Amino acid sequence: MTDTPTNVTKEKSLNFIEHIVTKDLENGLNDGRLQTRFPPEPNGYLHIGHAKAICMDFGIAQKYGGVCNLRFDDTNPQKEDTEYVNAIMDDIHWLGFEWGKICHASDYFEQLWDFAVRLIREGKAYVDEQTSQQIAEQKGTPTTPGTESPYRNRPVEESLALFEKMNNGEVPEGAMVLRAKIDMANPNMHFRDPVIYRVINKEHHRTGARWKAYPMYDFAHGQSDYFEGVTHSICTLEFVPHRPLYDYFIDELKEGKDLADHRPRQYEFNRLNLTYTVMSKRKLLALVQEGLVDGWDDPRMPTICGLRRRGYSPQAVRRFVDMIGYTKIDALNDYAMLEAAAREDLNKRALRVTSVLDPVRLVVTNYPEGQIEEVECVKNPEDPEAGTHTQTFSRTLWIERDDFMEDAPKKYFRLTPGNEVRLKNAYIVRCTGCTKDADGNVIEVQCEYDPESRSGMPGANRRIKGTIHWLSADHCVPCEVRLYSHLFNVENPSADERDFRELLNPESLQTRTNCYTEPFAANLAPGTYLQFQRLCYATPDKSSTPEAPVFNRTVTLRDSWGGK
């Protein structure tokens, strides 16, 4: 067999960014180097949309022998905090990536300042004293040219002096900005004398009170890429209109150098949009600050730390990103795909645990009083190396309430009077009746067991259609289980004109406090991947203690939402 079919298959599996990278490396651009960067603004916690960018920026460098730097876009001290910096680093490590070095846009404030001064001296920038509203009104429209600022042709020395005042504390916020002098008639609105510096009178978390004039994103981003030696600046589609300006400033910065084969190049892919949630940091911050969720890591939040607390694995998140892929077309991805990725991954790694979330008592009436025995349970049938653990069997058990039905339909194969079921890993039992309270609620179910039917015995081979799980009432631990569902009631809350608070799902968290689980599960650390057999995947919450265990439902065993 020739190599051709294999090579063709491999080539087809590449996304369009990988095609670009492989071609650039083959052509020797940037001396055959590959360097990317992940540039978050430290003004909030990362969400799953950032995870897609992380997998691209770090993953492509990892795959092709390059390096990816972590660069904090810290150009707005009004919104930034070291708490967010630390959280971002934790999330990247959790996803399984490592950066080449940590950089900050603030590392280049001096160089950016000098570049801005040069633009002023060359007549390519000026200080404008109009309000932001006046500047916006003069921009024009995509089909009509803008109107020049009355300050556009002010003397160079005057702009230089005012620019100094912007940075030494003499100018109030909003009173002046520095604008690049480009073209007020350009069809690309971003070229119509964009603002490149503004005044922010707040100390920076890294540079302190050194600066009062701070560069805008469009002015700082491309130059930072250039200073660092980035070869492929990969971002999302909303930056497509910004790309010409990105290239313009780099061309101005090069000072006559030939950048034909040695420059950063911007490429864009589609954002990750997810049903029944929002990705806006502003809205996520409002949910946190208004107490509508339990912090940034609330398991209903789309944040990476929220997914981690809910019990998602990093492998599941990365698998989901692979499933949706990278294109140039924005789409709304179904949350059910994320849950499917979690089920696929957790099925392989989750420790099987028996828990009862809605208990009713089951008494095995012919089992000897006071007798107990240990039954062997497989920790994970998908992993032979995981081994086994034991579970105590006794006369009085807990079972799920919906595993008993007094008047059952024909295809109900669980406990009903006269019907047999297997108690998982233990005996076959026949239901003999039930006891109700004064309101008609079932409070106890009775059954008899077949002593020769324990798993592994010859009598266990009888064909039984139903199997249910159970816990010994005297050998289990009370626990709390939090059942999470979608945070919003509508499929695309970002597109809904109503206030997003009105769209919140009031049943997105249901807390059950009368649950039981196996004793060893009470001592498991947060982040342990569990499968509550026949029920769901789960993990201990960060608030869980051995004395008061708390578990978060990660996802149901089957898709219970897609059909809705």
# chains A, B, ... in the order shown; residues from 1 in each chain; ligands from 1
>>> select_by_dssp(residues="stretch 417-502 of chain A", states="strand (DSSP E)", output="PyMOL selection string")
chain A and resi 420-423+428-436+442-449+467-468+471-472+477-484
>>> closest_atom_pairs(of="stretch 286-363 of chain A", to="stretch 505-517 of chain A", cutoff="10 Å", atoms="only C-alpha atoms", output="Markdown table")
| residue | atom | partner | partner_atom | distance |
| --- | --- | --- | --- | --- |
| A:Val293 | CA | A:Leu509 | CA | 9.9 |
| A:Pro299 | CA | A:Leu509 | CA | 9.4 |
| A:Arg300 | CA | A:Ser508 | CA | 7.5 |
| A:Val353 | CA | A:Thr517 | CA | 7.6 |
| A:Thr354 | CA | A:Thr517 | CA | 6.0 |
| A:Ser355 | CA | A:Thr517 | CA | 4.2 |
| A:Val356 | CA | A:Tyr516 | CA | 5.3 |
| A:Leu357 | CA | A:Cys515 | CA | 4.5 |
| A:Asp358 | CA | A:Cys515 | CA | 6.3 |
| A:Pro359 | CA | A:Cys515 | CA | 6.8 |
>>> write_last_selection(atoms="all heavy atoms", output="PDB file, in the first residue's frame")
ATOM      1  N   VAL A 293     -26.256  33.579  41.490  1.00  0.00           N
ATOM      2  CA  VAL A 293     -25.555  32.291  41.471  1.00  0.00           C
ATOM      3  C   VAL A 293     -24.581  32.263  42.641  1.00  0.00           C
ATOM      4  O   VAL A 293     -24.318  33.294  43.273  1.00  0.00           O
ATOM      5  CB  VAL A 293     -24.788  32.065  40.140  1.00  0.00           C
ATOM      6  CG1 VAL A 293     -25.743  31.937  38.963  1.00  0.00           C
ATOM      7  CG2 VAL A 293     -23.782  33.200  39.904  1.00  0.00           C
ATOM      8  N   PRO A 299     -21.836  25.664  39.794  1.00  0.00           N
ATOM      9  CA  PRO A 299     -21.861  24.606  38.776  1.00  0.00           C
ATOM     10  C   PRO A 299     -22.829  24.842  37.624  1.00  0.00           C
ATOM     11  O   PRO A 299     -22.789  24.103  36.639  1.00  0.00           O
ATOM     12  CB  PRO A 299     -22.269  23.364  39.588  1.00  0.00           C
ATOM     13  CG  PRO A 299     -21.772  23.640  40.973  1.00  0.00           C
ATOM     14  CD  PRO A 299     -22.009  25.110  41.156  1.00  0.00           C
ATOM     15  N   ARG A 300     -23.678  25.848  37.721  1.00  0.00           N
ATOM     16  CA  ARG A 300     -24.557  26.183  36.595  1.00  0.00           C
ATOM     17  C   ARG A 300     -23.905  27.165  35.639  1.00  0.00           C
ATOM     18  O   ARG A 300     -24.406  27.387  34.526  1.00  0.00           O
ATOM     19  CB  ARG A 300     -25.868  26.788  37.115  1.00  0.00           C
ATOM     20  CG  ARG A 300     -26.725  25.842  37.912  1.00  0.00           C
ATOM     21  CD  ARG A 300     -27.804  26.586  38.680  1.00  0.00           C
ATOM     22  NE  ARG A 300     -27.235  27.417  39.743  1.00  0.00           N
ATOM     23  CZ  ARG A 300     -27.936  28.178  40.566  1.00  0.00           C
ATOM     24  NH1 ARG A 300     -29.247  28.237  40.434  1.00  0.00           N
ATOM     25  NH2 ARG A 300     -27.338  28.901  41.506  1.00  0.00           N
ATOM     26  N   VAL A 353     -20.442   4.241  42.407  1.00  0.00           N
ATOM     27  CA  VAL A 353     -20.880   4.393  43.788  1.00  0.00           C
ATOM     28  C   VAL A 353     -22.385   4.155  43.836  1.00  0.00           C
ATOM     29  O   VAL A 353     -23.108   4.534  42.923  1.00  0.00           O
ATOM     30  CB  VAL A 353     -20.560   5.809  44.320  1.00  0.00           C
ATOM     31  CG1 VAL A 353     -21.151   6.028  45.700  1.00  0.00           C
ATOM     32  CG2 VAL A 353     -19.060   6.043  44.346  1.00  0.00           C
ATOM     33  N   THR A 354     -22.853   3.542  44.910  1.00  0.00           N
ATOM     34  CA  THR A 354     -24.290   3.386  45.095  1.00  0.00           C
ATOM     35  C   THR A 354     -24.814   4.508  45.978  1.00  0.00           C
ATOM     36  O   THR A 354     -24.324   4.715  47.089  1.00  0.00           O
ATOM     37  CB  THR A 354     -24.624   2.027  45.736  1.00  0.00           C
ATOM     38  OG1 THR A 354     -24.143   0.984  44.889  1.00  0.00           O
ATOM     39  CG2 THR A 354     -26.132   1.873  45.905  1.00  0.00           C
ATOM     40  N   SER A 355     -25.796   5.231  45.458  1.00  0.00           N
ATOM     41  CA  SER A 355     -26.447   6.296  46.215  1.00  0.00           C
ATOM     42  C   SER A 355     -27.943   6.204  45.956  1.00  0.00           C
ATOM     43  O   SER A 355     -28.377   5.794  44.876  1.00  0.00           O
ATOM     44  CB  SER A 355     -25.928   7.669  45.788  1.00  0.00           C
ATOM     45  OG  SER A 355     -24.542   7.791  46.049  1.00  0.00           O
ATOM     46  N   VAL A 356     -28.722   6.580  46.945  1.00  0.00           N
ATOM     47  CA  VAL A 356     -30.179   6.598  46.816  1.00  0.00           C
ATOM     48  C   VAL A 356     -30.627   8.034  47.061  1.00  0.00           C
ATOM     49  O   VAL A 356     -30.387   8.588  48.138  1.00  0.00           O
ATOM     50  CB  VAL A 356     -30.845   5.631  47.805  1.00  0.00           C
ATOM     51  CG1 VAL A 356     -32.359   5.722  47.712  1.00  0.00           C
ATOM     52  CG2 VAL A 356     -30.380   4.200  47.540  1.00  0.00           C
ATOM     53  N   LEU A 357     -31.279   8.636  46.062  1.00  0.00           N
ATOM     54  CA  LEU A 357     -31.615  10.054  46.132  1.00  0.00           C
ATOM     55  C   LEU A 357     -33.039  10.322  46.591  1.00  0.00           C
ATOM     56  O   LEU A 357     -33.340  11.419  47.074  1.00  0.00           O
ATOM     57  CB  LEU A 357     -31.385  10.712  44.763  1.00  0.00           C
ATOM     58  CG  LEU A 357     -30.003  10.511  44.113  1.00  0.00           C
ATOM     59  CD1 LEU A 357     -29.854  11.437  42.929  1.00  0.00           C
ATOM     60  CD2 LEU A 357     -28.876  10.698  45.110  1.00  0.00           C
ATOM     61  N   ASP A 358     -33.923   9.350  46.414  1.00  0.00           N
ATOM     62  CA  ASP A 358     -35.315   9.508  46.866  1.00  0.00           C
ATOM     63  C   ASP A 358     -35.704   8.202  47.561  1.00  0.00           C
ATOM     64  O   ASP A 358     -36.353   7.336  46.985  1.00  0.00           O
ATOM     65  CB  ASP A 358     -36.225   9.791  45.670  1.00  0.00           C
ATOM     66  CG  ASP A 358     -37.642  10.136  46.106  1.00  0.00           C
ATOM     67  OD1 ASP A 358     -37.872  10.355  47.306  1.00  0.00           O
ATOM     68  OD2 ASP A 358     -38.538  10.168  45.228  1.00  0.00           O
ATOM     69  N   PRO A 359     -35.311   8.037  48.833  1.00  0.00           N
ATOM     70  CA  PRO A 359     -35.352   6.712  49.469  1.00  0.00           C
ATOM     71  C   PRO A 359     -36.732   6.279  49.968  1.00  0.00           C
ATOM     72  O   PRO A 359     -37.537   7.079  50.431  1.00  0.00           O
ATOM     73  CB  PRO A 359     -34.386   6.883  50.647  1.00  0.00           C
ATOM     74  CG  PRO A 359     -34.445   8.336  50.976  1.00  0.00           C
ATOM     75  CD  PRO A 359     -34.659   9.049  49.678  1.00  0.00           C
TER      76      PRO A 359
END
>>> atom_distance(atom1="atom CA of A:Tyr449", atom2="atom CA of A:Glu400")
18.1 Å
>>> residues_around(residues="A:Gln134", least_positions_apart="6", cutoff="12 Å", atoms="only C-alpha atoms", output="PyMOL selection string")
chain A and resi 128+140+146-150+174-175
>>> closest_residue(among="A:Glu290, A:Glu373, A:Glu80, A:Glu203", to="A:His475", atoms="only C-alpha atoms")
A:Glu373
>>> residues_around(residues="A:Gln371", least_positions_apart="4", cutoff="8 Å", atoms="only C-alpha atoms", output="list in words")
Tyr367, Ser394 and Arg395 of chain A
>>> residues_around(residues="A:Val117", least_positions_apart="2", cutoff="10 Å", atoms="only C-alpha atoms", output="list of chain:residue names")
A:Gln111, A:Leu112, A:Trp113, A:Asp114, A:Phe115, A:Leu119, A:Ile120, A:Arg121, A:Glu122, A:Gly123, A:Lys124, A:Ala125, A:Tyr126, A:Val156, A:Ser159, A:Leu160, A:Phe163, A:Glu164
>>> write_last_selection(atoms="C-alpha atoms", output="PDB file, in the first residue's frame")
ATOM      1  CA  GLN A 111       7.386  51.031  24.116  1.00  0.00           C
ATOM      2  CA  LEU A 112       3.775  51.762  23.240  1.00  0.00           C
ATOM      3  CA  TRP A 113       4.098  55.261  24.699  1.00  0.00           C
ATOM      4  CA  ASP A 114       7.221  55.913  22.629  1.00  0.00           C
ATOM      5  CA  PHE A 115       5.445  54.620  19.514  1.00  0.00           C
ATOM      6  CA  LEU A 119       3.126  58.972  15.578  1.00  0.00           C
ATOM      7  CA  ILE A 120       2.337  62.419  16.990  1.00  0.00           C
ATOM      8  CA  ARG A 121       5.703  63.775  15.854  1.00  0.00           C
ATOM      9  CA  GLU A 122       5.104  62.373  12.359  1.00  0.00           C
ATOM     10  CA  GLY A 123       1.690  64.012  12.180  1.00  0.00           C
ATOM     11  CA  LYS A 124      -0.096  60.646  12.371  1.00  0.00           C
ATOM     12  CA  ALA A 125      -1.816  61.149  15.747  1.00  0.00           C
ATOM     13  CA  TYR A 126      -3.409  64.043  17.649  1.00  0.00           C
ATOM     14  CA  VAL A 156       2.320  68.645  16.866  1.00  0.00           C
ATOM     15  CA  SER A 159      -0.588  67.438  21.024  1.00  0.00           C
ATOM     16  CA  LEU A 160       2.693  66.300  22.566  1.00  0.00           C
ATOM     17  CA  PHE A 163      -0.449  63.860  25.748  1.00  0.00           C
ATOM     18  CA  GLU A 164       2.033  64.397  28.600  1.00  0.00           C
TER      19      GLU A 164
END
